[in-house]
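File shown here: work26.cif, holding mmCIF, C-alpha atoms and all ligand atoms.
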data_coords
#
loop_
_atom_site.label_atom_id
_atom_site.label_comp_id
_atom_site.auth_asym_id
_atom_site.auth_seq_id
_atom_site.Cartn_x
_atom_site.Cartn_y
_atom_site.Cartn_z
CA MET X 1 23.00 -0.09 9.65
CA THR X 2 19.68 -1.62 10.67
CA LEU X 3 17.74 -3.71 8.20
CA ILE X 4 14.02 -2.95 8.37
CA ASP X 5 12.27 -6.32 8.47
CA GLY X 6 8.95 -5.84 6.71
CA LYS X 7 8.14 -9.53 6.76
CA ALA X 8 8.43 -9.84 10.54
CA THR X 9 6.63 -6.52 11.08
CA ALA X 10 3.75 -7.57 8.84
CA ALA X 11 3.46 -10.91 10.68
CA ALA X 12 3.41 -9.07 14.04
CA ILE X 13 0.67 -6.72 12.79
CA LYS X 14 -1.49 -9.61 11.57
CA LYS X 15 -1.06 -11.29 14.94
CA GLU X 16 -2.11 -8.08 16.75
CA ILE X 17 -5.18 -7.84 14.51
CA ALA X 18 -6.08 -11.50 15.13
CA GLU X 19 -5.87 -10.91 18.89
CA LYS X 20 -8.11 -7.87 18.61
CA VAL X 21 -10.64 -9.80 16.52
CA ALA X 22 -10.62 -12.68 19.03
CA GLY X 23 -11.47 -10.10 21.72
CA ILE X 24 -14.31 -8.64 19.63
CA VAL X 25 -15.77 -12.10 18.99
CA ALA X 26 -15.39 -13.10 22.68
CA ASN X 27 -17.47 -10.02 23.54
CA GLY X 28 -20.24 -11.10 21.17
CA GLY X 29 -19.13 -8.88 18.28
CA ARG X 30 -19.02 -9.70 14.59
CA ARG X 31 -15.87 -10.60 12.67
CA PRO X 32 -14.64 -7.96 10.20
CA HIS X 33 -15.74 -8.88 6.68
CA LEU X 34 -13.68 -8.07 3.57
CA ALA X 35 -15.03 -8.73 0.09
CA ALA X 36 -12.91 -8.80 -3.06
CA ILE X 37 -14.03 -8.59 -6.68
CA LEU X 38 -11.71 -10.38 -9.09
CA VAL X 39 -12.25 -10.18 -12.84
CA GLY X 40 -10.63 -12.70 -15.20
CA HIS X 41 -7.65 -14.95 -14.52
CA ASP X 42 -4.56 -12.72 -14.59
CA GLY X 43 -1.83 -14.66 -12.75
CA GLY X 44 -0.62 -11.70 -10.68
CA SER X 45 -4.14 -10.70 -9.61
CA GLU X 46 -5.04 -14.30 -8.75
CA THR X 47 -2.00 -14.50 -6.46
CA TYR X 48 -2.65 -11.11 -4.82
CA VAL X 49 -6.29 -11.94 -4.12
CA ALA X 50 -5.46 -15.45 -2.85
CA ASN X 51 -2.96 -13.85 -0.45
CA LYS X 52 -5.56 -11.36 0.71
CA VAL X 53 -8.06 -14.15 1.39
CA LYS X 54 -5.35 -16.08 3.29
CA ALA X 55 -4.52 -12.98 5.35
CA CYS X 56 -8.23 -12.67 6.23
CA GLU X 57 -8.11 -16.21 7.63
CA GLU X 58 -4.97 -15.40 9.62
CA CYS X 59 -6.64 -12.33 11.10
CA GLY X 60 -9.93 -14.07 11.89
CA PHE X 61 -11.87 -12.06 9.29
CA GLU X 62 -14.68 -13.28 7.15
CA SER X 63 -13.90 -12.95 3.44
CA THR X 64 -15.95 -13.19 0.28
CA LEU X 65 -14.41 -13.58 -3.15
CA ILE X 66 -16.64 -12.50 -6.01
CA ARG X 67 -15.38 -13.68 -9.40
CA TYR X 68 -16.31 -12.62 -12.90
CA GLU X 69 -15.03 -13.75 -16.28
CA SER X 70 -13.21 -11.10 -18.31
CA ASP X 71 -16.25 -10.51 -20.52
CA VAL X 72 -18.22 -9.04 -17.59
CA THR X 73 -19.89 -5.75 -18.49
CA GLU X 74 -19.15 -2.45 -16.80
CA GLN X 75 -22.80 -2.29 -15.75
CA GLU X 76 -22.64 -5.70 -14.03
CA LEU X 77 -19.61 -4.57 -12.05
CA LEU X 78 -21.20 -1.23 -11.16
CA ASP X 79 -24.30 -3.08 -9.94
CA LYS X 80 -22.15 -5.35 -7.75
CA VAL X 81 -20.22 -2.39 -6.32
CA ARG X 82 -23.49 -0.67 -5.46
CA GLU X 83 -24.82 -3.88 -3.89
CA LEU X 84 -21.69 -4.15 -1.70
CA ASN X 85 -21.98 -0.47 -0.76
CA GLU X 86 -25.42 -1.24 0.65
CA ASP X 87 -24.61 -4.61 2.23
CA ASN X 88 -24.32 -4.08 5.97
CA SER X 89 -22.62 -7.44 6.47
CA VAL X 90 -19.60 -6.22 4.43
CA ASP X 91 -17.27 -3.80 6.22
CA GLY X 92 -14.95 -3.11 3.31
CA PHE X 93 -14.26 -4.30 -0.21
CA ILE X 94 -11.77 -4.03 -3.03
CA VAL X 95 -11.95 -4.35 -6.78
CA GLN X 96 -8.68 -5.97 -7.82
CA LEU X 97 -6.93 -4.00 -10.56
CA PRO X 98 -6.17 -4.07 -13.43
CA LEU X 99 -9.60 -4.57 -15.02
CA PRO X 100 -10.07 -5.64 -18.67
CA GLY X 101 -9.66 -2.85 -21.24
CA HIS X 102 -13.38 -2.44 -21.98
CA ILE X 103 -14.07 -1.44 -18.38
CA ASN X 104 -13.39 2.07 -17.11
CA GLU X 105 -11.39 1.45 -13.90
CA GLN X 106 -11.87 5.00 -12.69
CA LYS X 107 -15.64 4.75 -13.05
CA ILE X 108 -15.70 1.51 -11.04
CA THR X 109 -13.38 2.89 -8.35
CA GLU X 110 -15.40 6.08 -8.02
CA ALA X 111 -18.58 4.03 -7.46
CA ILE X 112 -17.15 2.54 -4.24
CA ASP X 113 -18.49 4.15 -1.07
CA TYR X 114 -15.45 5.84 0.52
CA ARG X 115 -16.46 4.38 3.89
CA LYS X 116 -15.88 0.88 2.48
CA ASP X 117 -12.92 1.77 0.25
CA VAL X 118 -10.28 -0.09 2.26
CA ASP X 119 -7.80 0.25 -0.64
CA GLY X 120 -8.01 4.03 -0.21
CA PHE X 121 -8.22 4.49 -3.99
CA THR X 122 -11.37 6.61 -4.32
CA PRO X 123 -10.93 10.34 -4.98
CA VAL X 124 -12.92 11.02 -1.80
CA ASN X 125 -10.42 9.12 0.35
CA VAL X 126 -7.44 10.65 -1.46
CA GLY X 127 -8.91 14.13 -0.90
CA ARG X 128 -9.75 13.44 2.74
CA MET X 129 -6.21 12.18 3.29
CA ALA X 130 -4.77 15.33 1.68
CA ILE X 131 -6.57 17.60 4.13
CA GLY X 132 -6.09 15.40 7.19
CA LEU X 133 -9.66 14.07 7.60
CA PRO X 134 -10.40 10.48 8.72
CA CYS X 135 -9.84 8.33 5.65
CA PHE X 136 -8.44 5.04 4.42
CA ILE X 137 -4.79 5.39 3.48
CA SER X 138 -3.70 3.12 0.66
CA ALA X 139 -1.62 0.12 1.60
CA THR X 140 1.89 0.95 0.38
CA PRO X 141 2.22 4.47 1.85
CA LYS X 142 0.47 3.33 5.03
CA GLY X 143 2.90 0.39 5.30
CA ILE X 144 5.88 2.73 4.97
CA LEU X 145 4.52 5.04 7.68
CA GLU X 146 4.02 2.03 9.92
CA LEU X 147 7.60 0.81 9.36
CA LEU X 148 9.00 4.27 10.17
CA ARG X 149 6.84 4.38 13.32
CA ARG X 150 7.64 0.88 14.54
CA TYR X 151 11.38 1.37 14.05
CA ASN X 152 11.18 4.73 15.90
CA ILE X 153 12.73 6.55 12.96
CA PRO X 154 12.35 10.29 13.57
CA THR X 155 10.43 12.10 10.82
CA ARG X 156 9.43 15.42 12.42
CA GLY X 157 11.34 18.29 10.80
CA LYS X 158 13.43 15.89 8.73
CA HIS X 159 13.95 16.23 5.01
CA CYS X 160 12.09 13.47 3.21
CA VAL X 161 12.85 13.08 -0.49
CA ILE X 162 10.49 10.93 -2.53
CA ILE X 163 11.55 9.75 -5.98
CA GLY X 164 8.41 9.06 -8.01
CA ARG X 165 5.05 10.79 -8.33
CA SER X 166 2.57 7.97 -8.95
CA ASN X 167 -0.99 8.24 -7.66
CA ILE X 168 -0.62 5.10 -5.54
CA VAL X 169 2.77 5.73 -3.92
CA GLY X 170 4.69 8.96 -4.63
CA LYS X 171 1.89 11.49 -4.32
CA PRO X 172 0.13 10.03 -1.25
CA MET X 173 3.49 9.41 0.42
CA ALA X 174 4.40 13.07 -0.06
CA GLN X 175 1.08 14.19 1.45
CA LEU X 176 1.48 11.91 4.44
CA MET X 177 5.08 12.82 5.20
CA LEU X 178 4.13 16.49 4.97
CA GLN X 179 1.19 16.39 7.34
CA LYS X 180 1.64 17.24 10.98
CA ILE X 181 -0.37 14.21 12.17
CA TYR X 182 1.74 11.75 10.14
CA GLY X 183 5.32 12.55 9.07
CA ASP X 184 5.57 16.26 9.94
CA SER X 185 8.58 16.32 7.60
CA THR X 186 9.86 18.77 5.01
CA VAL X 187 9.09 17.04 1.73
CA THR X 188 10.61 17.15 -1.74
CA VAL X 189 9.15 15.11 -4.59
CA CYS X 190 11.54 14.21 -7.42
CA HIS X 191 10.78 12.39 -10.64
CA SER X 192 12.29 11.31 -13.95
CA HIS X 193 12.61 14.93 -15.13
CA THR X 194 14.01 16.50 -11.97
CA ASP X 195 17.15 18.60 -12.46
CA ASN X 196 19.96 17.95 -9.96
CA LEU X 197 18.30 14.76 -8.75
CA LYS X 198 21.50 13.40 -7.20
CA GLU X 199 22.19 16.57 -5.24
CA ILE X 200 18.61 16.73 -3.93
CA CYS X 201 18.65 13.07 -2.89
CA ARG X 202 21.91 13.65 -1.04
CA THR X 203 20.14 16.14 1.23
CA ALA X 204 17.54 13.54 2.31
CA ASP X 205 17.30 12.28 5.88
CA ILE X 206 14.66 9.87 4.60
CA LEU X 207 14.85 8.79 0.97
CA ILE X 208 11.85 6.94 -0.47
CA ALA X 209 12.48 5.39 -3.88
CA ALA X 210 9.32 4.64 -5.87
CA ILE X 211 10.34 5.23 -9.45
CA GLY X 212 10.22 1.66 -10.78
CA ARG X 213 13.77 1.65 -12.17
CA PRO X 214 15.94 -1.20 -10.92
CA ALA X 215 18.98 -0.12 -8.84
CA PHE X 216 18.35 3.54 -9.72
CA VAL X 217 19.54 4.88 -6.34
CA THR X 218 23.30 4.56 -6.06
CA ALA X 219 25.68 5.30 -3.18
CA ASP X 220 26.55 8.78 -4.51
CA MET X 221 22.87 9.79 -4.05
CA VAL X 222 22.66 8.94 -0.36
CA LYS X 223 23.72 11.01 2.66
CA PRO X 224 25.59 8.92 5.24
CA GLY X 225 23.19 8.07 8.06
CA ALA X 226 20.05 8.39 5.93
CA THR X 227 17.04 6.09 6.10
CA VAL X 228 16.33 4.53 2.71
CA ILE X 229 12.95 3.02 1.85
CA ASP X 230 12.80 0.98 -1.35
CA VAL X 231 9.38 0.56 -2.96
CA GLY X 232 10.64 -0.89 -6.26
CA THR X 233 9.96 -4.50 -7.23
CA THR X 234 11.08 -5.05 -10.80
CA ARG X 235 11.59 -8.58 -12.11
CA VAL X 236 15.07 -8.83 -13.60
CA ALA X 237 16.50 -11.87 -15.39
CA ASP X 238 18.67 -14.03 -13.13
CA ALA X 239 19.93 -17.30 -14.59
CA SER X 240 21.08 -18.49 -11.14
CA ARG X 241 17.45 -18.69 -9.93
CA LYS X 242 15.12 -21.55 -10.65
CA SER X 243 12.43 -19.08 -11.66
CA GLY X 244 14.84 -17.32 -14.05
CA PHE X 245 14.29 -13.93 -12.38
CA ARG X 246 14.73 -12.07 -9.12
CA LEU X 247 13.03 -9.03 -7.64
CA GLN X 248 15.21 -5.93 -7.84
CA GLY X 249 14.40 -2.79 -5.89
CA ASP X 250 14.93 0.81 -6.98
CA VAL X 251 18.00 0.93 -4.71
CA ASP X 252 21.41 -0.58 -5.46
CA PHE X 253 21.29 -2.30 -2.07
CA ASP X 254 24.86 -3.62 -1.80
CA THR X 255 26.53 -0.24 -2.27
CA VAL X 256 23.87 1.88 -0.53
CA ALA X 257 23.18 -0.22 2.59
CA PRO X 258 26.57 0.36 4.31
CA LEU X 259 25.88 4.12 4.26
CA CYS X 260 22.43 3.98 5.83
CA SER X 261 21.19 4.09 9.39
CA TYR X 262 18.10 2.13 8.25
CA ILE X 263 17.21 0.46 4.96
CA THR X 264 14.44 -1.80 3.64
CA PRO X 265 15.49 -4.87 1.63
CA VAL X 266 13.77 -6.13 -1.53
CA PRO X 267 12.10 -8.54 -1.12
CA GLY X 268 11.08 -8.52 2.55
CA GLY X 269 10.78 -4.77 3.13
CA VAL X 270 7.82 -2.67 2.03
CA GLY X 271 6.11 -5.45 0.01
CA PRO X 272 4.98 -7.72 2.87
CA MET X 273 3.48 -4.72 4.69
CA THR X 274 0.82 -3.98 2.10
CA ILE X 275 -1.60 -6.84 2.79
CA SER X 276 -1.32 -6.33 6.55
CA MET X 277 -2.30 -2.66 5.97
CA LEU X 278 -5.36 -3.80 4.01
CA MET X 279 -6.29 -5.94 7.01
CA LEU X 280 -5.76 -2.97 9.34
CA ASN X 281 -7.99 -0.79 7.15
CA THR X 282 -10.70 -3.47 7.21
CA LEU X 283 -10.54 -3.61 10.99
CA LEU X 284 -10.75 0.20 11.07
CA ALA X 285 -13.81 0.04 8.81
CA THR X 286 -15.64 -1.89 11.54
CA GLU X 287 -14.73 0.70 14.17
CA ARG X 288 -15.04 3.96 12.32
CA ASP X 289 -17.97 6.24 12.94
CA TRP X 290 -17.51 8.77 10.12
N1 LIG D 1 -3.57 -4.38 -8.05
C1 LIG D 1 -2.29 -4.34 -7.62
N2 LIG D 1 -2.24 -3.90 -6.34
C2 LIG D 1 -3.51 -3.66 -5.96
C3 LIG D 1 -4.10 -3.20 -4.76
O1 LIG D 1 -3.45 -2.90 -3.76
N3 LIG D 1 -5.46 -3.10 -4.78
C4 LIG D 1 -6.21 -3.38 -5.86
N4 LIG D 1 -7.54 -3.22 -5.77
N5 LIG D 1 -5.70 -3.81 -7.00
C5 LIG D 1 -4.35 -3.95 -7.05
#

Would you mind giving the structure from this file in structure tokens?
Amino acid sequence: MTLIDGKATAAAIKKEIAEKVAGIVANGGRRPHLAAILVGHDGGSETYVANKVKACEECGFESTLIRYESDVTEQELLDKVRELNEDNSVDGFIVQLPLPGHINEQKITEAIDYRKDVDGFTPVNVGRMAIGLPCFISATPKGILELLRRYNIPTRGKHCVIIGRSNIVGKPMAQLMLQKIYGDSTVTVCHSHTDNLKEICRTADILIAAIGRPAFVTADMVKPGATVIDVGTTRVADASRKSGFRLQGDVDFDTVAPLCSYITPVPGGVGPMTISMLMLNTLLATERDW
């Protein structure tokens, strides 16, 4: 069994990006510039955005953090999105979600120019991805593809079973694994109402768990020799930790891992890849001639 080290892979990717940026700057080019809009003071969002700004520094990017209090109006945000769309000094930007309840997240997301949508959340990017056009692929599915690629895990013709059908992981992951230019796999998508879930999972060469239920995937659901990718990160109470909780994946790691050829741990697997994929998308935004 090989443990897929997302933390080390993400660090290697950021280093590769930093080297590329150093080369661009040495040749008189401009640093990639990522902007982030953060509304309010939600602890999780503050941490995510601070980590994104830190990753920009590590990669040699310029970053701009635009903050609003939670009473910002939808119109103010739409105006800022449109301003960033037009700002040639900004290569890509994100609007950190969730937004306060009085703001229509979909409306804000749809206002982002798809050529600057480095989160890959706009319907235009999702649609372009689905038909294999140049696009920004959202961070979690892109990170999983990158892990499979860097660990030379064969995907062509393999049976990939995805548990979960969310817009940000399950559905895009299924599209990507299906497409010839990415996974080229045979894909089955399962969810909370799938009949014979165990039997279907047992036929997977690659099993991707993104259902958000701690330790949902047990040893009897995994074919010996399979690759198991765990996207789950649920906080579960753990009195032995100082924080009082630990992160639990969707996979019952201790019983499943001995069966696998490859498996991602939680934490340290898929999670650390996401910010490095945002950085990669921002670098791509500077290069792409749509
Ligand atoms: N909130 C949680 N994850 C994300 C993300 O990847 N992008 C944005 N914009 N908001 C988030």

Margin query: How would you report the residues lying within 7 Å of ligand LIG 1 (chain D), as a ChimeraX atom specification, if you count all atoms listed in the file?
Written below: /X:45,94-98,119,139

Next item on the list: Mind checking which residues fall within 7 Å of stretch 251-267 of chain X, counting all atoms listed in the file, ignoring those fewer than 6 positions away in the same chain, and posting them as a PyMOL selection string?
Entry: chain X and resi 1-5+214-219+224-230

Notebook entry, point to check: Near X:Ser192, counting all atoms listed in the file, which residues have an atom at most 9 Å away, once you skip same-chain residues fewer than 5 positions from it, shown as a PyMOL selection string?
Noted result: chain X and resi 163-164+197+211

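The closest residue to X:Val25, picked from X:Ile13, X:Ala204, X:Gly60, X:Pro272 and counting only C-alpha atoms, is X:Gly60.
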
Check: Between atom CA of X:Leu176 and atom CA of X:Arg128, what is the spacing in Å?
Finding: 11.5 Å

Contacts of X:Glu86 at 12 Å (all atoms listed in the file; same-chain gap of 3+ positions) as a compact mmCIF listing (two decimals) with C-alpha atoms, keeping the file's coordinate frame:
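Result went into selection_39.txt, see below:
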# COMPACT_ATOMS: atom_id res chain seq x y z
CA ASP X 79 -24.30 -3.08 -9.94
CA LYS X 80 -22.15 -5.35 -7.75
CA VAL X 81 -20.22 -2.39 -6.32
CA ARG X 82 -23.49 -0.67 -5.46
CA GLU X 83 -24.82 -3.88 -3.89
CA SER X 89 -22.62 -7.44 6.47
CA VAL X 90 -19.60 -6.22 4.43
CA ASP X 91 -17.27 -3.80 6.22
CA GLY X 92 -14.95 -3.11 3.31
CA PHE X 93 -14.26 -4.30 -0.21
CA ALA X 111 -18.58 4.03 -7.46
CA ILE X 112 -17.15 2.54 -4.24
CA ASP X 113 -18.49 4.15 -1.07
CA ARG X 115 -16.46 4.38 3.89
CA LYS X 116 -15.88 0.88 2.48

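Proximity ranking of X:Thr274, X:Ser243, X:Thr64, X:Thr282 relative to X:Tyr48 places X:Thr274 first, based on all atoms listed in the file.
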
Note to self: Nearest residue to X:Gly249 out of X:Ala26, X:Ala36, X:Ala210, X:Leu280, using only C-alpha atoms?
What the structure shows: X:Ala210

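Between atom CA of X:Leu99 and atom CA of X:Gly244 there is a distance of 27.6 Å.
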
Notebook entry, point to check: Which residue, X:Cys190, X:Ala12, X:Leu207, X:Val126, has the smallest gap to X:Arg165 when you use all atoms listed in the file?
Noted result: X:Cys190

Margin query: What's the separation between atom CA of X:Lys142 and atom CA of X:Asp87, in Å to one decimal place?
Written below: 26.5 Å

Margin query: Excluding X:Lys171 and its own-chain neighbours fewer than 2 positions away, which residues fall within 12 Å of it when counting all atoms listed in the file? Please give them as a ChimeraX atom specification.
Written below: /X:126-127,129-130,137-138,140-141,161-169,173-178,187-191,208,210-211

Padding 4 Å on each side, edges along x, y and z: where is the centre of the box around the listed atoms of stretch 62-81 of chain X, and how long are its edges in Å to one decimal? Output it as lines of an AutoDock Vina configuration file.
center_x = -18.8
center_y = -7.5
center_z = -6.7
size_x = 19.1
size_y = 20.5
size_z = 35.7

Item checked: Which residue of X:Ala55, X:Ala285, X:Ile206, X:Ile275 approaches X:Ile153 most closely, using only C-alpha atoms -> X:Ile206

Note to self: Taking (-0.2, 15.8, 11.7) as a centre in this file's frame and 12 Å as the limit, can you find every polymer residue with an atom that close, using all atoms listed in the file, and give them as a ChimeraX atom specification?
What the structure shows: /X:129-134,155-157,175-185

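Proximity to X:His159 was assessed for X:Val231, X:Ile200, X:Leu145, X:Leu283 counting all atoms listed in the file; the smallest distance is recorded for X:Ile200.
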
Can you rebuild stretch 28-52 of chain X with N, CA, C and O atoms and give it as a PDB file, in the frame of the given file?
ATOM      1  N   GLY X  28     -18.960 -10.993  21.899  1.00  0.00           N
ATOM      2  CA  GLY X  28     -20.240 -11.100  21.170  1.00  0.00           C
ATOM      3  C   GLY X  28     -20.283 -10.283  19.896  1.00  0.00           C
ATOM      4  O   GLY X  28     -21.334 -10.167  19.264  1.00  0.00           O
ATOM      5  N   GLY X  29     -19.153  -9.702  19.492  1.00  0.00           N
ATOM      6  CA  GLY X  29     -19.130  -8.880  18.280  1.00  0.00           C
ATOM      7  C   GLY X  29     -18.983  -9.713  17.020  1.00  0.00           C
ATOM      8  O   GLY X  29     -18.766 -10.929  17.083  1.00  0.00           O
ATOM      9  N   ARG X  30     -19.093  -9.041  15.896  1.00  0.00           N
ATOM     10  CA  ARG X  30     -19.020  -9.700  14.590  1.00  0.00           C
ATOM     11  C   ARG X  30     -17.607  -9.592  14.027  1.00  0.00           C
ATOM     12  O   ARG X  30     -16.916  -8.599  14.247  1.00  0.00           O
ATOM     13  N   ARG X  31     -17.185 -10.640  13.319  1.00  0.00           N
ATOM     14  CA  ARG X  31     -15.870 -10.600  12.670  1.00  0.00           C
ATOM     15  C   ARG X  31     -15.862  -9.556  11.561  1.00  0.00           C
ATOM     16  O   ARG X  31     -16.857  -9.452  10.833  1.00  0.00           O
ATOM     17  N   PRO X  32     -14.744  -8.839  11.369  1.00  0.00           N
ATOM     18  CA  PRO X  32     -14.640  -7.960  10.200  1.00  0.00           C
ATOM     19  C   PRO X  32     -14.824  -8.773   8.926  1.00  0.00           C
ATOM     20  O   PRO X  32     -14.408  -9.933   8.864  1.00  0.00           O
ATOM     21  N   HIS X  33     -15.437  -8.166   7.933  1.00  0.00           N
ATOM     22  CA  HIS X  33     -15.740  -8.880   6.680  1.00  0.00           C
ATOM     23  C   HIS X  33     -15.217  -8.082   5.488  1.00  0.00           C
ATOM     24  O   HIS X  33     -15.658  -6.961   5.248  1.00  0.00           O
ATOM     25  N   LEU X  34     -14.253  -8.682   4.787  1.00  0.00           N
ATOM     26  CA  LEU X  34     -13.680  -8.070   3.570  1.00  0.00           C
ATOM     27  C   LEU X  34     -14.174  -8.825   2.347  1.00  0.00           C
ATOM     28  O   LEU X  34     -14.097 -10.059   2.313  1.00  0.00           O
ATOM     29  N   ALA X  35     -14.663  -8.096   1.357  1.00  0.00           N
ATOM     30  CA  ALA X  35     -15.030  -8.730   0.090  1.00  0.00           C
ATOM     31  C   ALA X  35     -14.066  -8.262  -0.997  1.00  0.00           C
ATOM     32  O   ALA X  35     -13.551  -7.139  -0.938  1.00  0.00           O
ATOM     33  N   ALA X  36     -13.809  -9.147  -1.951  1.00  0.00           N
ATOM     34  CA  ALA X  36     -12.910  -8.800  -3.060  1.00  0.00           C
ATOM     35  C   ALA X  36     -13.568  -9.196  -4.366  1.00  0.00           C
ATOM     36  O   ALA X  36     -14.105 -10.306  -4.485  1.00  0.00           O
ATOM     37  N   ILE X  37     -13.541  -8.282  -5.336  1.00  0.00           N
ATOM     38  CA  ILE X  37     -14.030  -8.590  -6.680  1.00  0.00           C
ATOM     39  C   ILE X  37     -12.816  -8.851  -7.554  1.00  0.00           C
ATOM     40  O   ILE X  37     -11.895  -8.020  -7.621  1.00  0.00           O
ATOM     41  N   LEU X  38     -12.816 -10.011  -8.202  1.00  0.00           N
ATOM     42  CA  LEU X  38     -11.710 -10.380  -9.090  1.00  0.00           C
ATOM     43  C   LEU X  38     -12.282 -10.681 -10.470  1.00  0.00           C
ATOM     44  O   LEU X  38     -13.168 -11.522 -10.602  1.00  0.00           O
ATOM     45  N   VAL X  39     -11.776  -9.992 -11.468  1.00  0.00           N
ATOM     46  CA  VAL X  39     -12.250 -10.180 -12.840  1.00  0.00           C
ATOM     47  C   VAL X  39     -11.180 -10.885 -13.660  1.00  0.00           C
ATOM     48  O   VAL X  39     -10.028 -10.438 -13.684  1.00  0.00           O
ATOM     49  N   GLY X  40     -11.555 -11.991 -14.319  1.00  0.00           N
ATOM     50  CA  GLY X  40     -10.630 -12.700 -15.200  1.00  0.00           C
ATOM     51  C   GLY X  40      -9.664 -13.575 -14.432  1.00  0.00           C
ATOM     52  O   GLY X  40      -9.878 -13.896 -13.248  1.00  0.00           O
ATOM     53  N   HIS X  41      -8.571 -13.960 -15.098  1.00  0.00           N
ATOM     54  CA  HIS X  41      -7.650 -14.950 -14.520  1.00  0.00           C
ATOM     55  C   HIS X  41      -6.195 -14.512 -14.631  1.00  0.00           C
ATOM     56  O   HIS X  41      -5.303 -15.339 -14.784  1.00  0.00           O
ATOM     57  N   ASP X  42      -5.943 -13.206 -14.568  1.00  0.00           N
ATOM     58  CA  ASP X  42      -4.560 -12.720 -14.590  1.00  0.00           C
ATOM     59  C   ASP X  42      -3.774 -13.340 -13.431  1.00  0.00           C
ATOM     60  O   ASP X  42      -4.234 -13.325 -12.282  1.00  0.00           O
ATOM     61  N   GLY X  43      -2.596 -13.915 -13.759  1.00  0.00           N
ATOM     62  CA  GLY X  43      -1.830 -14.660 -12.750  1.00  0.00           C
ATOM     63  C   GLY X  43      -1.481 -13.817 -11.534  1.00  0.00           C
ATOM     64  O   GLY X  43      -1.647 -14.247 -10.393  1.00  0.00           O
ATOM     65  N   GLY X  44      -1.012 -12.593 -11.776  1.00  0.00           N
ATOM     66  CA  GLY X  44      -0.620 -11.700 -10.680  1.00  0.00           C
ATOM     67  C   GLY X  44      -1.808 -11.388  -9.779  1.00  0.00           C
ATOM     68  O   GLY X  44      -1.722 -11.493  -8.550  1.00  0.00           O
ATOM     69  N   SER X  45      -2.944 -11.039 -10.396  1.00  0.00           N
ATOM     70  CA  SER X  45      -4.140 -10.700  -9.610  1.00  0.00           C
ATOM     71  C   SER X  45      -4.646 -11.893  -8.819  1.00  0.00           C
ATOM     72  O   SER X  45      -5.059 -11.757  -7.663  1.00  0.00           O
ATOM     73  N   GLU X  46      -4.602 -13.076  -9.454  1.00  0.00           N
ATOM     74  CA  GLU X  46      -5.040 -14.300  -8.750  1.00  0.00           C
ATOM     75  C   GLU X  46      -4.206 -14.485  -7.477  1.00  0.00           C
ATOM     76  O   GLU X  46      -4.736 -14.775  -6.403  1.00  0.00           O
ATOM     77  N   THR X  47      -2.879 -14.307  -7.614  1.00  0.00           N
ATOM     78  CA  THR X  47      -2.000 -14.500  -6.460  1.00  0.00           C
ATOM     79  C   THR X  47      -2.275 -13.458  -5.380  1.00  0.00           C
ATOM     80  O   THR X  47      -2.400 -13.786  -4.195  1.00  0.00           O
ATOM     81  N   TYR X  48      -2.381 -12.180  -5.796  1.00  0.00           N
ATOM     82  CA  TYR X  48      -2.650 -11.110  -4.820  1.00  0.00           C
ATOM     83  C   TYR X  48      -3.923 -11.409  -4.032  1.00  0.00           C
ATOM     84  O   TYR X  48      -3.962 -11.315  -2.808  1.00  0.00           O
ATOM     85  N   VAL X  49      -4.984 -11.749  -4.782  1.00  0.00           N
ATOM     86  CA  VAL X  49      -6.290 -11.940  -4.120  1.00  0.00           C
ATOM     87  C   VAL X  49      -6.239 -13.179  -3.218  1.00  0.00           C
ATOM     88  O   VAL X  49      -6.755 -13.158  -2.103  1.00  0.00           O
ATOM     89  N   ALA X  50      -5.576 -14.251  -3.697  1.00  0.00           N
ATOM     90  CA  ALA X  50      -5.460 -15.450  -2.850  1.00  0.00           C
ATOM     91  C   ALA X  50      -4.722 -15.097  -1.554  1.00  0.00           C
ATOM     92  O   ALA X  50      -5.105 -15.559  -0.461  1.00  0.00           O
ATOM     93  N   ASN X  51      -3.687 -14.252  -1.658  1.00  0.00           N
ATOM     94  CA  ASN X  51      -2.960 -13.850  -0.450  1.00  0.00           C
ATOM     95  C   ASN X  51      -3.804 -12.988   0.478  1.00  0.00           C
ATOM     96  O   ASN X  51      -3.678 -13.056   1.698  1.00  0.00           O
ATOM     97  N   LYS X  52      -4.677 -12.192  -0.106  1.00  0.00           N
ATOM     98  CA  LYS X  52      -5.560 -11.360   0.710  1.00  0.00           C
ATOM     99  C   LYS X  52      -6.576 -12.233   1.460  1.00  0.00           C
ATOM    100  O   LYS X  52      -6.857 -12.022   2.641  1.00  0.00           O
TER     101      LYS X  52
END
